[in-house]
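**Student:** This is the content of data-v3.txt (compact mmCIF, N, CA and C atoms):
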```txt
# COMPACT_ATOMS: atom_id res chain seq x y z
N MET A 1 38.82 54.50 6.79
CA MET A 1 39.37 53.21 7.08
C MET A 1 38.29 52.32 7.68
N THR A 2 38.30 51.03 7.34
CA THR A 2 37.31 50.09 7.82
C THR A 2 38.01 48.92 8.50
N ASP A 3 37.54 48.55 9.68
CA ASP A 3 38.02 47.36 10.38
C ASP A 3 36.90 46.35 10.39
N THR A 4 37.18 45.14 9.96
CA THR A 4 36.17 44.09 9.99
C THR A 4 36.58 43.05 11.00
N ALA A 5 35.63 42.54 11.76
CA ALA A 5 35.90 41.50 12.74
C ALA A 5 35.21 40.22 12.29
N THR A 6 35.85 39.09 12.52
CA THR A 6 35.21 37.82 12.22
C THR A 6 34.92 37.11 13.52
N ALA A 7 33.82 36.36 13.55
CA ALA A 7 33.45 35.64 14.76
C ALA A 7 34.39 34.46 14.99
N ASP A 8 34.95 33.93 13.92
CA ASP A 8 35.80 32.75 13.99
C ASP A 8 37.20 33.15 13.52
N PRO A 9 38.20 33.18 14.44
CA PRO A 9 39.54 33.62 14.04
C PRO A 9 40.19 32.72 12.99
N THR A 10 39.67 31.50 12.79
CA THR A 10 40.23 30.61 11.76
C THR A 10 39.73 31.00 10.38
N GLY A 11 38.72 31.88 10.32
CA GLY A 11 38.17 32.28 9.03
C GLY A 11 37.20 31.25 8.46
N GLU A 12 36.79 30.28 9.26
CA GLU A 12 35.90 29.22 8.79
C GLU A 12 34.44 29.48 9.14
N ASP A 13 34.11 30.67 9.57
CA ASP A 13 32.72 31.02 9.90
C ASP A 13 31.85 30.79 8.66
N PRO A 14 30.75 30.05 8.79
CA PRO A 14 29.92 29.74 7.62
C PRO A 14 29.02 30.88 7.16
N HIS A 15 28.99 31.99 7.87
CA HIS A 15 28.09 33.08 7.53
C HIS A 15 28.76 34.04 6.55
N PRO A 16 28.00 34.50 5.54
CA PRO A 16 28.58 35.34 4.50
C PRO A 16 28.56 36.84 4.82
N TYR A 17 28.68 37.20 6.09
CA TYR A 17 28.64 38.61 6.49
C TYR A 17 29.57 38.81 7.68
N SER A 18 29.86 40.05 7.97
CA SER A 18 30.70 40.38 9.12
C SER A 18 29.84 40.43 10.38
N PRO A 19 30.26 39.77 11.45
CA PRO A 19 29.55 39.88 12.71
C PRO A 19 29.54 41.32 13.24
N ALA A 20 30.64 42.04 12.96
CA ALA A 20 30.74 43.45 13.34
C ALA A 20 31.71 44.12 12.39
N ILE A 21 31.44 45.38 12.12
CA ILE A 21 32.32 46.16 11.25
C ILE A 21 32.35 47.59 11.76
N ALA A 22 33.53 48.18 11.72
CA ALA A 22 33.68 49.59 12.11
C ALA A 22 33.97 50.41 10.86
N ALA A 23 33.26 51.52 10.74
CA ALA A 23 33.44 52.40 9.59
C ALA A 23 33.00 53.81 9.98
N GLY A 24 33.80 54.80 9.62
CA GLY A 24 33.41 56.18 9.84
C GLY A 24 33.13 56.54 11.28
N GLY A 25 33.81 55.90 12.22
CA GLY A 25 33.61 56.20 13.63
C GLY A 25 32.44 55.47 14.27
N PHE A 26 31.79 54.59 13.52
CA PHE A 26 30.67 53.82 14.04
C PHE A 26 30.96 52.34 13.94
N ALA A 27 30.31 51.56 14.80
CA ALA A 27 30.34 50.11 14.72
C ALA A 27 28.94 49.65 14.36
N PHE A 28 28.87 48.70 13.46
CA PHE A 28 27.61 48.09 13.05
C PHE A 28 27.71 46.61 13.38
N VAL A 29 26.84 46.17 14.28
CA VAL A 29 26.89 44.79 14.75
C VAL A 29 25.71 44.01 14.20
N SER A 30 26.02 42.92 13.50
CA SER A 30 24.98 42.04 12.98
C SER A 30 24.20 41.41 14.13
N GLY A 31 23.01 40.94 13.83
CA GLY A 31 22.17 40.34 14.86
C GLY A 31 22.85 39.21 15.61
N ALA A 32 22.77 39.29 16.92
CA ALA A 32 23.34 38.27 17.80
C ALA A 32 22.19 37.53 18.47
N LEU A 33 22.22 36.22 18.39
CA LEU A 33 21.11 35.39 18.87
C LEU A 33 21.21 35.05 20.34
N SER A 34 20.08 34.60 20.88
CA SER A 34 20.01 34.15 22.28
C SER A 34 20.49 32.70 22.36
N ILE A 35 21.78 32.53 22.08
CA ILE A 35 22.41 31.22 22.15
C ILE A 35 23.58 31.29 23.12
N ASP A 36 23.99 30.13 23.62
CA ASP A 36 25.15 30.11 24.50
C ASP A 36 26.43 30.08 23.65
N THR A 37 27.56 29.99 24.29
CA THR A 37 28.84 30.03 23.56
C THR A 37 29.05 28.79 22.69
N GLU A 38 28.24 27.76 22.91
CA GLU A 38 28.31 26.55 22.09
C GLU A 38 27.31 26.58 20.94
N GLY A 39 26.51 27.64 20.85
CA GLY A 39 25.54 27.77 19.77
C GLY A 39 24.19 27.15 20.05
N VAL A 40 23.92 26.84 21.32
CA VAL A 40 22.65 26.23 21.71
C VAL A 40 21.70 27.32 22.22
N ALA A 41 20.46 27.26 21.77
CA ALA A 41 19.46 28.24 22.20
C ALA A 41 19.30 28.22 23.71
N VAL A 42 19.27 29.40 24.31
CA VAL A 42 19.14 29.55 25.76
C VAL A 42 17.65 29.60 26.12
N PRO A 43 17.20 28.70 27.02
CA PRO A 43 15.79 28.74 27.43
C PRO A 43 15.55 29.84 28.47
N GLY A 44 14.29 30.20 28.66
CA GLY A 44 13.93 31.21 29.65
C GLY A 44 13.86 32.58 29.02
N ARG A 45 13.01 33.41 29.56
CA ARG A 45 12.77 34.72 28.98
C ARG A 45 13.93 35.69 29.27
N ARG A 46 14.19 35.97 30.53
CA ARG A 46 15.28 36.88 30.89
C ARG A 46 16.62 36.31 30.45
N GLU A 47 16.77 35.00 30.60
CA GLU A 47 18.03 34.34 30.23
C GLU A 47 18.32 34.49 28.74
N ALA A 48 17.27 34.37 27.90
CA ALA A 48 17.45 34.52 26.46
C ALA A 48 17.82 35.95 26.10
N LEU A 49 17.16 36.91 26.72
CA LEU A 49 17.50 38.32 26.48
C LEU A 49 18.94 38.60 26.87
N ASP A 50 19.36 38.09 28.02
CA ASP A 50 20.73 38.32 28.48
C ASP A 50 21.75 37.63 27.58
N ALA A 51 21.43 36.43 27.09
CA ALA A 51 22.34 35.72 26.20
C ALA A 51 22.53 36.50 24.90
N ALA A 52 21.45 37.05 24.35
CA ALA A 52 21.56 37.83 23.11
C ALA A 52 22.40 39.08 23.33
N ILE A 53 22.21 39.77 24.44
CA ILE A 53 23.04 40.94 24.76
C ILE A 53 24.50 40.52 24.92
N ASP A 54 24.75 39.40 25.58
CA ASP A 54 26.12 38.92 25.76
C ASP A 54 26.79 38.67 24.42
N ARG A 55 26.09 37.96 23.50
CA ARG A 55 26.66 37.67 22.18
C ARG A 55 26.88 38.97 21.41
N MET A 56 25.92 39.92 21.50
CA MET A 56 26.06 41.20 20.80
C MET A 56 27.24 41.98 21.35
N THR A 57 27.40 41.99 22.67
CA THR A 57 28.51 42.71 23.31
C THR A 57 29.85 42.11 22.91
N GLU A 58 29.91 40.79 22.80
CA GLU A 58 31.14 40.13 22.35
C GLU A 58 31.51 40.58 20.94
N ARG A 59 30.53 40.62 20.07
CA ARG A 59 30.78 41.07 18.70
C ARG A 59 31.21 42.53 18.67
N LEU A 60 30.54 43.36 19.43
CA LEU A 60 30.87 44.78 19.51
C LEU A 60 32.31 44.97 19.97
N ALA A 61 32.75 44.18 20.93
CA ALA A 61 34.11 44.30 21.47
C ALA A 61 35.17 43.99 20.42
N THR A 62 34.85 43.17 19.42
CA THR A 62 35.85 42.82 18.40
C THR A 62 36.25 44.01 17.55
N VAL A 63 35.44 45.08 17.56
CA VAL A 63 35.80 46.29 16.82
C VAL A 63 36.05 47.46 17.77
N GLY A 64 36.31 47.14 19.04
CA GLY A 64 36.68 48.16 20.01
C GLY A 64 35.51 48.86 20.69
N GLY A 65 34.32 48.32 20.58
CA GLY A 65 33.15 48.96 21.17
C GLY A 65 32.74 48.37 22.50
N ARG A 66 32.00 49.16 23.25
CA ARG A 66 31.43 48.74 24.54
C ARG A 66 29.97 49.18 24.58
N LEU A 67 29.24 48.63 25.54
CA LEU A 67 27.81 48.97 25.65
C LEU A 67 27.56 50.47 25.75
N GLU A 68 28.43 51.18 26.44
CA GLU A 68 28.21 52.63 26.58
C GLU A 68 28.37 53.39 25.27
N HIS A 69 28.91 52.75 24.24
CA HIS A 69 29.04 53.37 22.92
C HIS A 69 27.78 53.20 22.06
N VAL A 70 26.88 52.33 22.48
CA VAL A 70 25.71 51.98 21.66
C VAL A 70 24.75 53.17 21.57
N VAL A 71 24.34 53.48 20.33
CA VAL A 71 23.37 54.55 20.11
C VAL A 71 22.03 54.03 19.61
N LYS A 72 21.99 52.78 19.13
CA LYS A 72 20.73 52.20 18.61
C LYS A 72 20.80 50.69 18.73
N LEU A 73 19.74 50.11 19.27
CA LEU A 73 19.59 48.66 19.35
C LEU A 73 18.29 48.26 18.67
N THR A 74 18.29 47.11 18.04
CA THR A 74 17.05 46.53 17.54
C THR A 74 16.92 45.14 18.14
N TYR A 75 15.79 44.90 18.79
CA TYR A 75 15.46 43.60 19.35
C TYR A 75 14.50 42.92 18.37
N TRP A 76 14.84 41.71 17.94
CA TRP A 76 13.98 40.87 17.11
C TRP A 76 13.58 39.71 18.02
N VAL A 77 12.30 39.52 18.26
CA VAL A 77 11.84 38.50 19.21
C VAL A 77 10.74 37.66 18.59
N THR A 78 10.63 36.41 19.05
CA THR A 78 9.57 35.53 18.56
C THR A 78 8.30 35.65 19.40
N ASP A 79 8.36 36.45 20.47
CA ASP A 79 7.20 36.65 21.35
C ASP A 79 7.19 38.10 21.82
N VAL A 80 6.24 38.87 21.31
CA VAL A 80 6.19 40.30 21.63
C VAL A 80 5.97 40.55 23.12
N THR A 81 5.48 39.55 23.86
CA THR A 81 5.27 39.75 25.29
C THR A 81 6.59 39.81 26.06
N LEU A 82 7.72 39.62 25.38
CA LEU A 82 9.03 39.80 26.01
C LEU A 82 9.35 41.28 26.24
N ARG A 83 8.50 42.15 25.75
CA ARG A 83 8.78 43.59 25.80
C ARG A 83 9.04 44.09 27.22
N GLU A 84 8.25 43.67 28.18
CA GLU A 84 8.46 44.14 29.56
C GLU A 84 9.81 43.67 30.11
N GLU A 85 10.16 42.41 29.86
CA GLU A 85 11.47 41.92 30.29
C GLU A 85 12.59 42.69 29.57
N ALA A 86 12.38 43.00 28.30
CA ALA A 86 13.37 43.77 27.55
C ALA A 86 13.51 45.18 28.13
N ASN A 87 12.39 45.77 28.54
CA ASN A 87 12.45 47.09 29.16
C ASN A 87 13.27 47.04 30.46
N ARG A 88 13.04 46.00 31.28
CA ARG A 88 13.80 45.85 32.54
C ARG A 88 15.29 45.64 32.23
N GLN A 89 15.59 44.86 31.20
CA GLN A 89 16.98 44.65 30.81
C GLN A 89 17.62 45.98 30.41
N PHE A 90 16.89 46.76 29.63
CA PHE A 90 17.39 48.05 29.17
C PHE A 90 17.71 48.94 30.37
N GLU A 91 16.84 48.94 31.36
CA GLU A 91 17.07 49.73 32.57
C GLU A 91 18.30 49.24 33.33
N ARG A 92 18.54 47.93 33.34
CA ARG A 92 19.75 47.38 33.99
C ARG A 92 21.01 47.77 33.21
N LEU A 93 20.94 47.70 31.90
CA LEU A 93 22.10 48.00 31.07
C LEU A 93 22.44 49.49 31.07
N TYR A 94 21.40 50.32 31.09
CA TYR A 94 21.55 51.78 31.02
C TYR A 94 20.77 52.40 32.17
N PRO A 95 21.30 52.33 33.40
CA PRO A 95 20.53 52.76 34.58
C PRO A 95 20.29 54.27 34.66
N GLU A 96 21.13 55.07 34.04
CA GLU A 96 20.95 56.52 34.12
C GLU A 96 21.52 57.19 32.89
N GLY A 97 21.19 58.44 32.74
CA GLY A 97 21.68 59.19 31.59
C GLY A 97 20.86 58.93 30.35
N VAL A 98 21.41 59.32 29.22
CA VAL A 98 20.73 59.16 27.94
C VAL A 98 20.85 57.71 27.49
N ARG A 99 19.72 57.09 27.24
CA ARG A 99 19.71 55.70 26.78
C ARG A 99 19.70 55.67 25.25
N PRO A 100 20.22 54.57 24.68
CA PRO A 100 20.18 54.45 23.22
C PRO A 100 18.75 54.36 22.70
N ALA A 101 18.59 54.66 21.43
CA ALA A 101 17.31 54.42 20.75
C ALA A 101 17.13 52.91 20.65
N ARG A 102 15.87 52.46 20.54
CA ARG A 102 15.62 51.02 20.46
C ARG A 102 14.36 50.75 19.65
N SER A 103 14.43 49.71 18.84
CA SER A 103 13.24 49.18 18.17
C SER A 103 13.01 47.78 18.71
N PHE A 104 11.75 47.37 18.72
CA PHE A 104 11.36 46.07 19.26
C PHE A 104 10.40 45.43 18.27
N VAL A 105 10.82 44.36 17.61
CA VAL A 105 10.08 43.80 16.49
C VAL A 105 9.82 42.31 16.71
N GLU A 106 8.57 41.89 16.54
CA GLU A 106 8.24 40.47 16.62
C GLU A 106 8.41 39.83 15.24
N VAL A 107 9.03 38.64 15.23
CA VAL A 107 9.24 37.88 14.01
C VAL A 107 8.69 36.47 14.20
N SER A 108 8.47 35.76 13.10
CA SER A 108 7.87 34.42 13.20
C SER A 108 8.86 33.36 13.64
N GLY A 109 10.14 33.59 13.45
CA GLY A 109 11.14 32.61 13.86
C GLY A 109 12.53 33.17 13.72
N LEU A 110 13.47 32.53 14.43
CA LEU A 110 14.87 32.92 14.39
C LEU A 110 15.72 31.66 14.22
N PRO A 111 16.94 31.79 13.69
CA PRO A 111 17.79 30.62 13.49
C PRO A 111 18.15 29.91 14.80
N TYR A 112 18.43 28.63 14.67
CA TYR A 112 18.92 27.78 15.76
C TYR A 112 17.96 27.66 16.94
N GLY A 113 16.69 27.99 16.73
CA GLY A 113 15.72 27.89 17.81
C GLY A 113 15.79 29.03 18.80
N ALA A 114 16.54 30.08 18.48
CA ALA A 114 16.65 31.24 19.38
C ALA A 114 15.32 31.97 19.44
N THR A 115 15.11 32.70 20.52
CA THR A 115 13.88 33.48 20.69
C THR A 115 14.13 34.99 20.64
N VAL A 116 15.42 35.37 20.69
CA VAL A 116 15.79 36.79 20.69
C VAL A 116 17.01 36.97 19.79
N GLU A 117 17.03 38.08 19.05
CA GLU A 117 18.19 38.49 18.27
C GLU A 117 18.33 39.99 18.47
N ILE A 118 19.54 40.46 18.72
CA ILE A 118 19.77 41.89 18.96
C ILE A 118 20.91 42.36 18.08
N ASP A 119 20.69 43.45 17.35
CA ASP A 119 21.77 44.10 16.62
C ASP A 119 21.92 45.52 17.14
N CYS A 120 23.02 46.16 16.76
CA CYS A 120 23.20 47.53 17.25
C CYS A 120 24.08 48.36 16.33
N VAL A 121 24.01 49.66 16.58
CA VAL A 121 24.93 50.64 16.01
C VAL A 121 25.56 51.35 17.21
N ALA A 122 26.87 51.51 17.16
CA ALA A 122 27.58 52.17 18.25
C ALA A 122 28.48 53.27 17.68
N HIS A 123 28.62 54.34 18.42
CA HIS A 123 29.52 55.42 18.02
C HIS A 123 30.86 55.22 18.72
N LEU A 124 31.89 54.95 17.95
CA LEU A 124 33.21 54.67 18.49
C LEU A 124 34.06 55.91 18.65
N GLY A 125 33.64 56.99 18.05
CA GLY A 125 34.41 58.22 18.11
C GLY A 125 34.84 58.65 16.73
N ASP A 126 35.38 59.82 16.64
CA ASP A 126 35.78 60.37 15.34
C ASP A 126 37.19 59.99 14.98
```
Translate the structure of the given file into structure tokens.

**Tutor:**
Amino acid sequence: MTDTATADPTGEDPHPYSPAIAAGGFAFVSGALSIDTEGVAVPGRREALDAAIDRMTERLATVGGRLEHVVKLTYWVTDVTLREEANRQFERLYPEGVRPARSFVEVSGLPYGATVEIDCVAHLGD
């Protein structure tokens, strides 16, 4: 069974993909940008990282997932020097125990002027 979540409950979302989808006990969350709830790019290094995590967590929640379910994150950033701030964020999000796997990739640009995009895979259970 597959559950699909849409970012816009009216069904008018202009994007041709699911923001999050659950299948086979896993959630797959499309990249969430460092934008505020109005779609405006968030300035600042830590603030941008936190905004991207917030948007990703919102998407994850639409299919019943939470941060503690995440098994893999990918950070897409326009500045590789954000790595240290991303490491500190990771330590705040996952202070103890087994942390999810993570990739950290620099890209030349992101939509809407964002500086960070984060996607994830989460295990929702069997």

**Student:** Could you give me the residues within segment 13-118 of chain A that DSSP places in strand (DSSP E or B), as a ChimeraX atom specification?

**Tutor:** /A:20-23,26-33,35,41,70-77,101-106,116-118

**Student:** Just checking: using all atoms listed in the file, which residue out of A:Val71, A:Glu117, A:Trp76, A:Ala86 ends up closest to Arg99 of chain A?

**Tutor:** A:Val71

**Student:** Would you please work out which residue, of A:Glu38, A:Ala101, A:Pro14, A:Gly44, is nearest to Leu73 of chain A when using all atoms listed in the file?

**Tutor:** A:Ala101

**Student:** Under the rule that all atoms listed in the file are counted, which of A:Leu67, A:Val77, A:Gly109, A:Thr115 is the nearest residue to Leu93 of chain A?

**Tutor:** A:Leu67

**Student:** Work out how far atom CA of Gly97 of chain A is from atom CA of Arg55 of chain A, in Å to one decimal.

**Tutor:**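 Computing it gives 24.0 Å between the two atoms.
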
**Student:** Counting all atoms listed in the file, which residues sit no farther than 6.5 Å from the position (21.5, 36.7, 20.9) in the file's frame? I'd like them as JSON, numbers by chain.

**Tutor:** {"A": [31, 32, 33, 34, 35, 48, 51, 52, 53, 54, 55, 56, 116, 117, 118]}

**Student:** For Thr74 of chain A, which residue out of A:Thr37, A:Asn87, A:Ser103, A:Ser108 is the nearest one, using only C-alpha atoms?

**Tutor:** A:Ser103

**Student:** Looking only at alpha helix (DSSP H) from DSSP on the backbone, list the matching residues of chain A as a ChimeraX atom specification.

**Tutor:** /A:45-61,83-93

**Student:** Closest to Phe28 of chain A among A:Arg46, A:Glu84, A:Leu60, A:Gly125, using all atoms listed in the file?

**Tutor:** A:Leu60

**Student:** Return the single residue from A:Val29, A:Val105, A:Ala122, A:Ile21 that is closest to Val80 of chain A, with distances computed using only C-alpha atoms.

**Tutor:**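 The shortest atom-to-atom distance to Val80 of chain A comes from A:Val105.
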
**Student:** Need the shell around His69 of chain A: protein/DNA/RNA residues with any atom at most 9 Å away, counting only C-alpha atoms. Skip same-chain ones fewer than 6 positions apart. Format as a VMD selection string?

**Tutor:** chain A and resid 27 100 121 to 125

**Student:** Can you measure atom CA of Asp119 of chain A to atom N of Ala61 of chain A for me? One decimal in Å is fine.

**Tutor:** 11.8 Å

**Student:** As JSON, what would the box around segment 21-34 of chain A look like: edges along x, y and z, 4 Å added on every side, centre and edge lengths in Å to one decimal?

**Tutor:**
```
{"center_x": 27.0, "center_y": 44.6, "center_z": 16.0, "size_x": 22.0, "size_y": 31.8, "size_z": 20.8}
```

**Student:** Work out how far atom CA of Phe26 of chain A is from atom CA of Val98 of chain A, in Å to one decimal.

**Tutor:** 17.9 Å
